[in-house]
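File shown: data.cif (mmCIF, C-alpha atoms).
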```
data_data
loop_
_atom_site.label_atom_id
_atom_site.label_comp_id
_atom_site.auth_asym_id
_atom_site.auth_seq_id
_atom_site.Cartn_x
_atom_site.Cartn_y
_atom_site.Cartn_z
CA LEU E 230 -13.66 -80.49 -83.78
CA ALA E 231 -10.73 -78.59 -82.30
CA LYS E 232 -8.96 -78.48 -85.66
CA LEU E 233 -12.12 -77.40 -87.49
CA ASP E 234 -12.74 -74.70 -84.89
CA GLN E 235 -9.45 -73.03 -85.84
CA VAL E 236 -10.38 -72.52 -89.48
CA MET E 237 -14.11 -71.80 -89.26
CA PRO E 238 -15.52 -68.32 -89.77
CA PRO E 239 -16.48 -66.74 -86.42
CA ARG E 240 -20.24 -67.00 -87.07
CA LEU E 241 -20.10 -70.73 -87.86
CA ARG E 242 -17.67 -71.34 -85.03
CA SER E 243 -20.15 -69.89 -82.55
CA GLU E 244 -23.00 -72.00 -83.90
CA VAL E 245 -21.00 -75.22 -83.83
CA ARG E 246 -19.89 -74.50 -80.27
CA ALA E 247 -23.52 -73.98 -79.29
CA VAL E 248 -24.50 -77.38 -80.68
CA HIS E 249 -21.47 -79.03 -79.11
CA GLY E 250 -22.11 -77.44 -75.74
CA ALA E 251 -25.77 -78.45 -75.69
CA THR E 252 -25.22 -82.06 -76.74
CA VAL E 253 -24.26 -85.11 -74.73
CA SER E 254 -24.00 -88.73 -75.84
CA LEU E 255 -25.20 -91.91 -74.26
CA PRO E 256 -22.36 -94.43 -73.92
CA ARG E 257 -22.65 -97.23 -76.44
CA PRO E 258 -20.63 -100.33 -77.24
CA GLY E 259 -17.93 -99.59 -79.72
CA THR E 260 -14.25 -98.91 -80.10
CA ALA E 261 -12.81 -95.43 -79.63
CA ILE E 262 -10.54 -94.31 -82.47
CA ASP E 263 -7.74 -91.76 -82.24
CA PRO E 264 -8.91 -88.64 -84.14
CA GLU E 265 -5.38 -88.13 -85.46
CA LEU E 266 -5.54 -91.56 -87.09
CA LEU E 267 -8.87 -90.69 -88.71
CA LEU E 268 -7.44 -87.42 -90.02
CA THR E 269 -4.29 -89.10 -91.36
CA LEU E 270 -6.26 -91.74 -93.24
CA ALA E 271 -8.95 -89.33 -94.46
CA ARG E 272 -6.33 -86.96 -95.86
CA ALA E 273 -4.50 -89.86 -97.52
CA CYS E 274 -7.76 -90.97 -99.19
CA ARG E 275 -8.38 -87.43 -100.38
CA ASP E 276 -4.81 -86.74 -101.56
CA GLU E 277 -4.32 -90.25 -103.04
CA VAL E 278 -1.04 -90.95 -101.27
CA ARG E 279 0.23 -94.22 -99.85
CA VAL E 280 0.10 -94.89 -96.11
CA GLY E 281 2.23 -97.16 -93.96
CA PHE E 282 1.14 -98.55 -90.61
CA ASP E 283 1.58 -101.42 -88.17
CA TYR E 284 -1.39 -103.77 -88.28
CA THR E 285 -2.21 -106.40 -85.65
CA ASP E 286 -4.13 -109.37 -87.06
CA ARG E 287 -6.59 -111.65 -85.24
CA GLU E 288 -3.75 -113.84 -83.98
CA GLY E 289 -2.05 -110.86 -82.36
CA THR E 290 0.80 -110.62 -84.87
CA ALA E 291 1.78 -107.09 -85.90
CA ARG E 292 3.26 -106.40 -89.33
CA ARG E 293 4.08 -103.27 -91.26
CA ARG E 294 1.67 -102.71 -94.15
CA THR E 295 1.82 -100.31 -97.07
CA VAL E 296 -1.51 -99.46 -98.68
CA GLU E 297 -3.23 -97.20 -101.16
CA PRO E 298 -6.27 -96.03 -99.14
CA LEU E 299 -9.64 -95.72 -100.83
CA ARG E 300 -12.42 -95.15 -98.26
CA LEU E 301 -13.17 -95.10 -94.56
CA VAL E 302 -16.30 -97.05 -93.68
CA THR E 303 -18.05 -97.08 -90.31
CA THR E 304 -20.74 -99.44 -89.10
CA GLY E 305 -21.51 -97.29 -86.06
CA HIS E 306 -19.74 -99.95 -84.00
CA ARG E 307 -16.30 -99.98 -85.64
CA TRP E 308 -14.29 -98.08 -88.24
CA TYR E 309 -12.72 -99.78 -91.24
CA LEU E 310 -10.33 -98.77 -94.00
CA MET E 311 -10.70 -100.24 -97.48
CA ALA E 312 -7.36 -100.06 -99.25
CA TRP E 313 -5.19 -101.71 -101.88
CA ASP E 314 -2.50 -103.72 -100.09
CA VAL E 315 0.67 -103.03 -102.07
CA ASP E 316 2.59 -106.09 -100.86
CA ARG E 317 -0.30 -108.55 -101.26
CA GLY E 318 -1.64 -107.08 -104.49
CA ASP E 319 -5.29 -107.16 -103.43
CA TRP E 320 -8.06 -105.11 -101.84
CA ARG E 321 -8.08 -105.51 -98.07
CA VAL E 322 -10.18 -104.25 -95.15
CA PHE E 323 -8.42 -103.04 -92.00
CA ARG E 324 -9.97 -102.35 -88.61
CA LEU E 325 -8.80 -98.95 -87.41
CA ASP E 326 -8.54 -100.06 -83.79
CA ARG E 327 -5.80 -102.48 -84.89
CA ILE E 328 -3.74 -99.83 -86.70
CA ASP E 329 -0.74 -98.18 -85.03
CA ASP E 330 1.93 -95.72 -86.11
CA ALA E 331 0.18 -94.65 -89.31
CA ALA E 332 2.12 -92.26 -91.53
CA ALA E 333 1.21 -90.86 -94.92
CA SER E 334 3.94 -90.73 -97.54
CA THR E 335 4.43 -88.41 -100.52
CA TRP E 336 4.06 -91.34 -102.95
CA ARG E 337 0.99 -90.53 -105.03
CA PHE E 338 -1.00 -93.26 -106.75
CA ARG E 339 -3.66 -93.41 -109.41
CA PRO E 340 -6.89 -94.99 -108.07
CA ARG E 341 -7.55 -98.48 -109.42
CA PRO E 342 -10.89 -99.93 -110.49
CA HIS E 343 -12.48 -101.11 -107.28
CA PRO E 344 -15.59 -102.80 -105.86
CA ASP E 345 -18.19 -100.75 -104.03
CA PRO E 346 -16.57 -99.87 -100.68
CA VAL E 347 -19.71 -100.32 -98.59
CA GLU E 348 -20.55 -103.69 -100.14
CA HIS E 349 -16.92 -104.88 -99.96
CA VAL E 350 -16.50 -103.92 -96.32
CA HIS E 351 -19.92 -105.31 -95.41
CA ARG E 352 -19.11 -108.65 -97.01
CA SER E 353 -15.70 -108.73 -95.36
CA VAL E 354 -16.88 -107.99 -91.82
CA THR E 355 -19.80 -110.44 -91.95
CA GLU E 356 -17.82 -113.40 -93.30
CA ALA E 357 -14.06 -113.14 -92.97
CA PRO E 358 -13.76 -112.59 -89.18
CA TYR E 359 -15.90 -115.57 -88.17
CA ARG E 360 -15.38 -119.30 -87.89
CA HIS E 361 -18.86 -120.06 -89.28
CA VAL E 362 -20.91 -118.34 -91.97
CA ALA E 363 -24.56 -119.37 -92.40
CA ARG E 364 -27.21 -118.65 -95.00
CA VAL E 365 -30.78 -118.45 -93.77
CA ARG E 366 -33.98 -117.81 -95.72
CA VAL E 367 -36.30 -115.54 -93.75
CA ASN E 368 -40.01 -115.07 -94.42
CA ALA E 369 -40.03 -111.27 -94.15
CA PRO E 370 -39.19 -108.23 -96.30
CA ALA E 371 -35.47 -107.57 -96.60
CA GLU E 372 -35.74 -104.06 -95.10
CA GLU E 373 -37.47 -105.40 -91.96
CA VAL E 374 -34.80 -108.04 -91.40
CA ALA E 375 -31.96 -105.59 -92.10
CA ALA E 376 -33.37 -103.25 -89.45
CA ARG E 377 -32.90 -106.00 -86.83
CA VAL E 378 -29.45 -107.23 -87.89
CA PRO E 379 -26.36 -105.12 -87.05
CA PRO E 380 -24.24 -104.61 -90.20
CA GLN E 381 -21.14 -106.05 -88.52
CA VAL E 382 -23.04 -109.29 -87.84
CA GLY E 383 -24.89 -110.03 -91.07
CA ARG E 384 -26.14 -108.79 -94.40
CA VAL E 385 -29.50 -109.23 -96.08
CA GLU E 386 -29.98 -110.11 -99.74
CA GLU E 387 -33.02 -110.50 -101.96
CA ASP E 388 -34.50 -113.98 -102.38
CA PRO E 389 -36.18 -115.27 -105.55
CA LEU E 390 -39.25 -116.28 -103.56
CA GLU E 391 -41.57 -113.31 -103.07
CA GLY E 392 -41.88 -112.16 -99.47
CA TRP E 393 -38.65 -113.88 -98.40
CA CYS E 394 -35.06 -112.69 -98.12
CA LEU E 395 -31.66 -114.30 -97.57
CA LEU E 396 -29.70 -113.54 -94.41
CA VAL E 397 -25.94 -114.17 -94.44
CA VAL E 398 -24.67 -114.16 -90.87
CA GLY E 399 -21.37 -115.04 -89.22
CA ALA E 400 -20.36 -116.16 -85.73
CA ASP E 401 -17.71 -118.20 -83.99
CA ARG E 402 -20.36 -120.61 -82.64
CA LEU E 403 -23.26 -122.15 -84.54
CA GLU E 404 -25.40 -121.92 -81.39
CA SER E 405 -25.08 -118.14 -81.53
CA ILE E 406 -26.40 -118.10 -85.09
CA ALA E 407 -29.37 -120.32 -84.20
CA VAL E 408 -30.30 -118.10 -81.25
CA HIS E 409 -29.88 -114.90 -83.26
CA VAL E 410 -32.13 -116.18 -86.05
CA ALA E 411 -34.76 -117.37 -83.58
CA LEU E 412 -34.84 -114.00 -81.84
CA LEU E 413 -35.59 -112.21 -85.12
CA GLY E 414 -39.15 -113.40 -84.67
CA PHE E 415 -39.74 -114.50 -88.28
CA GLU E 416 -40.31 -117.87 -89.90
CA ALA E 417 -36.92 -119.04 -91.14
CA GLU E 418 -35.33 -121.88 -93.09
CA LEU E 419 -31.71 -122.83 -92.36
CA VAL E 420 -30.03 -123.26 -95.75
CA GLU E 421 -26.40 -123.93 -94.83
CA PRO E 422 -24.28 -125.26 -93.27
CA GLU E 423 -25.95 -128.61 -92.61
CA GLU E 424 -24.46 -128.67 -89.10
CA LEU E 425 -26.53 -125.62 -88.20
CA ARG E 426 -29.75 -127.61 -88.53
CA VAL E 427 -28.41 -130.24 -86.12
CA VAL E 428 -27.33 -127.57 -83.64
CA ALA E 429 -30.71 -125.81 -83.88
CA ALA E 430 -32.60 -129.08 -83.24
CA LYS E 431 -30.51 -129.84 -80.15
CA LEU E 432 -30.94 -126.30 -78.88
CA ALA E 433 -34.71 -126.53 -79.39
CA GLY E 434 -34.75 -129.73 -77.33
CA ARG E 435 -32.84 -128.09 -74.50
CA LEU E 436 -35.16 -125.08 -74.51
CA ALA E 437 -38.22 -127.35 -74.43
CA GLY E 438 -36.72 -129.18 -71.46
CA MET E 439 -36.14 -125.88 -69.66
CA GLY E 440 -39.82 -125.03 -70.17
CA GLY E 441 -40.85 -128.27 -68.49
CA SER E 442 -44.62 -128.78 -68.50
CA ALA E 443 -45.42 -125.11 -69.09
CA ALA E 444 -48.07 -124.53 -71.74
CA VAL E 445 -46.86 -123.10 -75.01
CA ASP E 446 -50.19 -121.87 -76.36
CA ASP E 447 -51.61 -118.37 -75.88
CA PRO E 448 -51.79 -117.61 -72.12
CA GLY E 449 -54.67 -115.17 -72.63
CA ASP E 450 -55.13 -111.69 -71.26
CA GLY E 451 -57.16 -112.37 -68.11
CA ASP E 452 -56.01 -112.85 -64.56
CA GLU E 453 -57.99 -116.05 -63.95
CA PRO E 454 -55.89 -119.18 -63.41
CA ARG E 455 -55.93 -121.58 -66.33
CA PRO E 456 -57.09 -125.18 -65.88
#
```

Please render this file's structure as structure tokens.
Amino acid sequence: LAKLDQVMPPRLRSEVRAVHGATVSLPRPGTAIDPELLLTLARACRDEVRVGFDYTDREGTARRRTVEPLRLVTTGHRWYLMAWDVDRGDWRVFRLDRIDDAAASTWRFRPRPHPDPVEHVHRSVTEAPYRHVARVRVNAPAEEVAARVPPQVGRVEEDPLEGWCLLVVGADRLESIAVHVALLGFEAELVEPEELRVVAAKLAGRLAGMGGSAAVDDPGDGDEPRP
């Protein structure tokens, strides 16, 4: 905002300042990103120049990477860069909070044929980072399920059976997937992996034990004690 303020016409600058001054944000979970990093990568995407940066992987190992940046994608929770990794010869997705010392070069490149950035990043962040990936058929419209599933957790696909959709969801623990699916509130069928069905059955048994002898049918709306 500070950089934009310097180049805006006075009338627009005043209006933007009014909006900025009258707006506050509720804190939300997410990772803060250095604005300079965003600007460096955005300019590199626009100008089609290679970028070098240090990238720390999931194991904590940092390596220098050279990429041809294509798009920045945000889920509202994290920022990602989709880029062609020059050394590995493939499209890769990088989390911006793991990038350090980014510098754009003067080496221009011609954009390559590429997959859809949103779909590619979505697939990457819902499968690659997790130990387990499950496929679950849900008896509900795809748009309703998608509204309840954060994009960094899962993606929703159409299912051949009318009225159903397919949820692809990742997690490091199968128990987390079972709980997440149960909390969606829809009828669901666990497709794969097979181990997920076993985990869900054990979890259901534990939950039933926690409920003890409590009734599971409709408690009713009245205040009278039930027999």

- Non-local contacts of E:Phe338 (12 Å; all atoms listed in the file; under 6 positions in same chain excluded) as a list of chain:residue names: E:Ala273, E:Cys274, E:Arg275, E:Asp276, E:Glu277, E:Val278, E:Arg279, E:Val280, E:Val296, E:Glu297, E:Pro298, E:Leu299, E:Ala312, E:Trp313, E:Val315

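Shortest separation to E:Asp283 among E:Glu244, E:Asp401, E:Asp330, E:Asp263 occurs at residue E:Asp330, atoms counted being only C-alpha atoms.
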
Can you list, as a CSV table (one decimal) with C-alpha atoms, in the frame of the given file, every protein, DNA or RNA residue that comes within 12 Å of E:Pro344 when you count only C-alpha atoms, leaving out same-chain residues fewer than 6 positions away?
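This went into part18.csv:
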```csv
chain,number,residue,atom,x,y,z
E,299,LEU,CA,-9.6,-95.7,-100.8
E,300,ARG,CA,-12.4,-95.2,-98.3
E,311,MET,CA,-10.7,-100.2,-97.5
E,312,ALA,CA,-7.4,-100.1,-99.2
E,313,TRP,CA,-5.2,-101.7,-101.9
E,319,ASP,CA,-5.3,-107.2,-103.4
E,320,TRP,CA,-8.1,-105.1,-101.8
E,321,ARG,CA,-8.1,-105.5,-98.1
E,350,VAL,CA,-16.5,-103.9,-96.3
E,351,HIS,CA,-19.9,-105.3,-95.4
E,352,ARG,CA,-19.1,-108.6,-97.0
```

List as a PDB file with C-alpha atoms, in the coordinates of the input the protein and nucleic acid residues near E:Ala407, meaning an atom at most 10 Å away when all atoms listed in the file are counted, but skip any in the same chain fewer than 5 places from it.
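Heads up, here's the output in selection.pdb:
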```pdb
ATOM      1  CA  ALA E 363     -24.560-119.370 -92.400  1.00  0.00           C
ATOM      2  CA  VAL E 365     -30.780-118.450 -93.770  1.00  0.00           C
ATOM      3  CA  ARG E 402     -20.360-120.610 -82.640  1.00  0.00           C
ATOM      4  CA  LEU E 412     -34.840-114.000 -81.840  1.00  0.00           C
ATOM      5  CA  LEU E 419     -31.710-122.830 -92.360  1.00  0.00           C
ATOM      6  CA  LEU E 425     -26.530-125.620 -88.200  1.00  0.00           C
ATOM      7  CA  ARG E 426     -29.750-127.610 -88.530  1.00  0.00           C
ATOM      8  CA  VAL E 428     -27.330-127.570 -83.640  1.00  0.00           C
ATOM      9  CA  ALA E 429     -30.710-125.810 -83.880  1.00  0.00           C
ATOM     10  CA  ALA E 430     -32.600-129.080 -83.240  1.00  0.00           C
ATOM     11  CA  LEU E 432     -30.940-126.300 -78.880  1.00  0.00           C
ATOM     12  CA  ALA E 433     -34.710-126.530 -79.390  1.00  0.00           C
TER      13      ALA E 433
END
```

Could you tell me, as an mmCIF file with C-alpha atoms, in the frame of the given file, exactly which residues end up selected when the PyMOL selection byres ((chain E and resi 285-289) around 12) is applied to this structure?
```
data_model
loop_
_atom_site.group_PDB
_atom_site.id
_atom_site.type_symbol
_atom_site.label_atom_id
_atom_site.label_comp_id
_atom_site.auth_asym_id
_atom_site.auth_seq_id
_atom_site.Cartn_x
_atom_site.Cartn_y
_atom_site.Cartn_z
ATOM 1 C CA PHE E 282 1.140 -98.550 -90.610
ATOM 2 C CA ASP E 283 1.580 -101.420 -88.170
ATOM 3 C CA TYR E 284 -1.390 -103.770 -88.280
ATOM 4 C CA THR E 290 0.800 -110.620 -84.870
ATOM 5 C CA ALA E 291 1.780 -107.090 -85.900
ATOM 6 C CA ARG E 292 3.260 -106.400 -89.330
ATOM 7 C CA ARG E 293 4.080 -103.270 -91.260
ATOM 8 C CA ARG E 294 1.670 -102.710 -94.150
ATOM 9 C CA VAL E 322 -10.180 -104.250 -95.150
ATOM 10 C CA PHE E 323 -8.420 -103.040 -92.000
ATOM 11 C CA ARG E 324 -9.970 -102.350 -88.610
ATOM 12 C CA LEU E 325 -8.800 -98.950 -87.410
ATOM 13 C CA ASP E 326 -8.540 -100.060 -83.790
ATOM 14 C CA ARG E 327 -5.800 -102.480 -84.890
ATOM 15 C CA ILE E 328 -3.740 -99.830 -86.700
ATOM 16 C CA ASP E 329 -0.740 -98.180 -85.030
ATOM 17 C CA ASP E 330 1.930 -95.720 -86.110
ATOM 18 C CA ALA E 357 -14.060 -113.140 -92.970
ATOM 19 C CA PRO E 358 -13.760 -112.590 -89.180
ATOM 20 C CA TYR E 359 -15.900 -115.570 -88.170
ATOM 21 C CA ARG E 360 -15.380 -119.300 -87.890
#
```

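Distances to E:Asp314 were evaluated for E:Pro264, E:Gly438, E:Thr295, E:Arg339 using all atoms listed in the file, and the minimum falls at E:Thr295.
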
- Write out as a VMD selection string each polymer residue whose atoms come within 10 Å of E:Val374, counting all atoms listed in the file; drop sequence neighbours fewer than 5 positions from it. chain E and resid 367 to 369 379 384 to 386 393 to 396 413 to 415

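With only C-alpha atoms as the atoms that count, the residue of E:Ser334, E:Thr269, E:Leu241, E:His306 with the shortest distance to E:Gly281 is E:Ser334.
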
- Message: Here is a test: counting all atoms listed in the file, which residue of E:Val362, E:Pro422, E:Asp388, E:Arg435 is nearest to E:Ala400?
- Response: E:Val362

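Atom pair atom CA of E:Glu418 / atom CA of E:Asp345: separated by 29.3 Å.
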
- atom CA of E:Arg307 to atom CA of E:Val354, straight-line distance in Å: 10.1 Å

Please report, as AutoDock Vina command-line options, the centre and edge lengths in Å to one decimal of an axis-aligned box covering all listed atoms of stretch 412-423 of chain E with 5 Å per side.
```
--center_x -32.3 --center_y -120.4 --center_z -88.8 --size_x 26.0 --size_y 26.4 --size_z 23.9
```

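The interatomic distance for the pair atom CA of E:Glu391 and atom CA of E:Pro370 works out to 8.8 Å.
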
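Distances here use all atoms listed in the file; by that measure, the residue among E:Val397, E:Val420, E:Ser243, E:Leu266 closest to E:Ala331 is E:Leu266.
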
- Note on the structure: Shortest contact to E:Glu373, candidates E:Thr303, E:His349, E:Val248, E:Gly392, atoms counted only C-alpha atoms, goes to E:Gly392
